[in-house]
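Trainee: I am attaching a structure below and will ask some questions about it afterwards.
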Amino acid sequence: MSNDATKDSILIVATKLFSRFGFYKTSMDEIAKMSRKAKGSLYYHFSSKEDLFKEVVSIELTTLKNQLAIIVSNPDLNASEKIKQYFIKRMKVLNYAANYHETLKADFYEHFNFIDDIRTEFDEWEKESLKKIILQGTDNKEFSNLGNIIVIIDVFVMVLKGLEIPFFLQNKYENYAPHFDGLIGILTKGMAK
């Protein structure tokens with residue numbers, strides 16, 4: 001088996017175990033056993049359990065970014081529709097990103113400092129993506145001149161992040177998903193001309 005195939009195999013097993021048992025209750029021994037790899041193989045590819053978990057969360061966020069980028073770059077959608085689809089897709093993908101949920105739990109208990117960089121990188125990516133959408137809406141006269149766009153984007157991201165705890169950790173996503181249109185309407189109507 002090639003190094004890439006071995007690494008992928010480890011990541012697949014680690015993703016399942018971390019999502020099922022959480023970061024703290026998953027051991028490198030268990031990952032090695034379930035992936036049928038020597039523990040040395042794990043440490044060849046990942047310097048620590050933290051490094052492996054960081055890669056697992058990074059993959060979830062990359063998947064999310066790839067799906068959101070399709071919406072942001074879609075020339076057939078106006079800005080309001082992009083925001084709507086962005087919000088719905090973001091929350092839907094994150095609803096199934098169990099390891100990302102683990103990082104949310106850690107924010108309340110013991111912060112996972114080792115993944116701060118990937119979360120920060122995602123936040124910056126998200127702000128740039130939302131900026132593109134809002135500027136499109138402003139340029140097309142769909143949105144009014146919003147003043148300080150950085151503040152608008154920061155608030156928008158705060159709203160999205162503020163919903164993550166109730167949606168994903170308190171299992172309210174299914175209850176609230178049918179009401180996304182109304183919530184998004186409040187956000188976009190506030191920006192409309």
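Following the order of the structure tokens, chains are lettered A, B, ..., residues in each are numbered from 1, and ligands are numbered from 1.
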Can you tell me which residues surround region 11-26 of chain A at a distance of at most 7 Å, considering only C-alpha atoms, apart from same-chain residues fewer than 6 positions away, and format the answer as a list in words?
Mentor: Met34, Ser35, Val56, Ala98, Asn99 and Glu102 of chain A
Trainee: From a DSSP pass on the backbone, collect the residues of region 23-181 of chain A flagged as alpha helix (DSSP H) and hand them back as a PyMOL selection string.
Mentor: chain A and resi 28-35+39-45+49-72+79-95+98-108+116-139+149-164+173-176+180-181
Trainee: Kindly export the residues of the current selection with C-alpha atoms, as a compact mmCIF listing (two decimals), in the first residue's frame.
Mentor:
# COMPACT_ATOMS: atom_id res chain seq x y z
CA MET A 28 -3.96 6.52 18.66
CA ASP A 29 -3.89 2.84 19.69
CA GLU A 30 -7.56 2.47 18.74
CA ILE A 31 -7.04 4.27 15.43
CA ALA A 32 -4.08 2.01 14.64
CA LYS A 33 -6.06 -1.09 15.57
CA MET A 34 -9.17 -0.14 13.57
CA SER A 35 -7.15 0.93 10.51
CA LYS A 39 1.08 2.61 15.49
CA GLY A 40 4.37 3.67 13.91
CA SER A 41 2.51 4.24 10.63
CA LEU A 42 0.26 6.72 12.36
CA TYR A 43 3.23 8.61 13.76
CA TYR A 44 4.98 8.48 10.40
CA HIS A 45 2.11 10.46 8.87
CA LYS A 49 -3.15 12.81 17.92
CA GLU A 50 -3.64 16.59 17.78
CA ASP A 51 -2.00 16.69 14.34
CA LEU A 52 -4.26 13.88 13.10
CA PHE A 53 -7.40 15.53 14.50
CA LYS A 54 -6.36 18.84 12.95
CA GLU A 55 -6.10 17.13 9.55
CA VAL A 56 -9.55 15.56 9.99
CA VAL A 57 -11.14 18.94 10.83
CA SER A 58 -9.21 20.57 8.00
CA ILE A 59 -10.71 18.08 5.54
CA GLU A 60 -14.22 18.88 6.80
CA LEU A 61 -13.61 22.61 6.38
CA THR A 62 -12.07 22.13 2.93
CA THR A 63 -15.16 20.21 1.87
CA LEU A 64 -17.31 23.05 3.17
CA LYS A 65 -15.23 25.71 1.40
CA ASN A 66 -15.36 23.82 -1.89
CA GLN A 67 -19.14 23.61 -1.76
CA LEU A 68 -19.55 27.24 -0.74
CA ALA A 69 -17.11 28.44 -3.43
CA ILE A 70 -19.44 27.02 -6.08
CA ILE A 71 -22.23 29.25 -4.77
CA VAL A 72 -20.03 32.35 -4.44
CA ALA A 79 -26.45 38.39 -4.36
CA SER A 80 -29.57 37.70 -2.26
CA GLU A 81 -29.89 34.21 -3.70
CA LYS A 82 -26.18 33.59 -3.11
CA ILE A 83 -26.50 34.59 0.55
CA LYS A 84 -29.53 32.34 0.91
CA GLN A 85 -27.84 29.35 -0.72
CA TYR A 86 -24.57 30.05 1.12
CA PHE A 87 -26.30 30.06 4.49
CA ILE A 88 -28.32 26.92 3.81
CA LYS A 89 -25.36 25.00 2.37
CA ARG A 90 -23.04 26.12 5.18
CA MET A 91 -25.36 24.93 7.89
CA LYS A 92 -26.27 21.71 6.07
CA VAL A 93 -22.64 20.70 5.52
CA LEU A 94 -21.62 21.66 9.06
CA ASN A 95 -24.56 19.68 10.44
CA ALA A 98 -19.10 15.92 13.55
CA ASN A 99 -15.45 16.66 14.15
CA TYR A 100 -16.03 20.37 13.66
CA HIS A 101 -18.73 20.03 16.32
CA GLU A 102 -16.05 18.62 18.62
CA THR A 103 -14.14 21.90 18.25
CA LEU A 104 -17.27 23.81 19.25
CA LYS A 105 -17.57 21.72 22.41
CA ALA A 106 -13.93 22.41 23.18
CA ASP A 107 -14.58 26.15 23.12
CA PHE A 108 -16.65 25.70 26.28
CA ASP A 116 -6.88 27.76 15.97
CA ASP A 117 -4.96 28.35 12.75
CA ILE A 118 -7.36 26.34 10.57
CA ARG A 119 -10.39 27.95 12.19
CA THR A 120 -8.85 31.40 11.71
CA GLU A 121 -8.04 30.58 8.09
CA PHE A 122 -11.64 29.46 7.52
CA ASP A 123 -12.97 32.65 9.14
CA GLU A 124 -10.83 34.77 6.83
CA TRP A 125 -11.89 32.74 3.79
CA GLU A 126 -15.53 33.09 4.80
CA LYS A 127 -15.26 36.85 5.26
CA GLU A 128 -13.68 37.24 1.82
CA SER A 129 -16.40 35.08 0.26
CA LEU A 130 -19.19 37.06 1.90
CA LYS A 131 -17.48 40.30 0.88
CA LYS A 132 -17.60 39.18 -2.77
CA ILE A 133 -21.32 38.47 -2.49
CA ILE A 134 -22.13 41.74 -0.75
CA LEU A 135 -20.03 43.77 -3.19
CA GLN A 136 -21.85 42.05 -6.07
CA GLY A 137 -25.16 43.07 -4.51
CA THR A 138 -23.98 46.64 -4.01
CA ASP A 139 -22.55 46.88 -7.54
CA ILE A 149 -18.64 46.58 4.74
CA ILE A 150 -16.10 45.03 7.13
CA VAL A 151 -18.45 45.60 10.07
CA ILE A 152 -21.40 44.14 8.09
CA ILE A 153 -19.38 41.05 7.24
CA ASP A 154 -18.16 40.62 10.83
CA VAL A 155 -21.76 40.80 12.08
CA PHE A 156 -22.91 38.34 9.43
CA VAL A 157 -20.18 35.87 10.48
CA MET A 158 -21.07 36.39 14.15
CA VAL A 159 -24.69 35.53 13.35
CA LEU A 160 -23.65 32.36 11.50
CA LYS A 161 -21.25 31.30 14.25
CA GLY A 162 -23.78 32.16 16.94
CA LEU A 163 -26.19 29.66 15.42
CA GLU A 164 -23.66 26.82 15.45
CA TYR A 173 -30.78 22.04 13.25
CA GLU A 174 -33.70 19.87 12.07
CA ASN A 175 -36.19 22.04 13.98
CA TYR A 176 -34.89 25.31 12.55
CA PHE A 180 -34.04 29.36 7.17
CA ASP A 181 -35.80 31.32 4.42
Trainee: For the atom pair CA of Leu146 (chain A) and CA of Asn74 (chain A), what is the interatomic distance in Å to one decimal place?
Mentor: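 Value for the CA of Leu146 (chain A)-CA of Asn74 (chain A) distance: 22.7 Å.
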Trainee: Work out how far CA of Asn113 (chain A) is from CA of Phe167 (chain A), in Å to one decimal.
Mentor: 23.2 Å
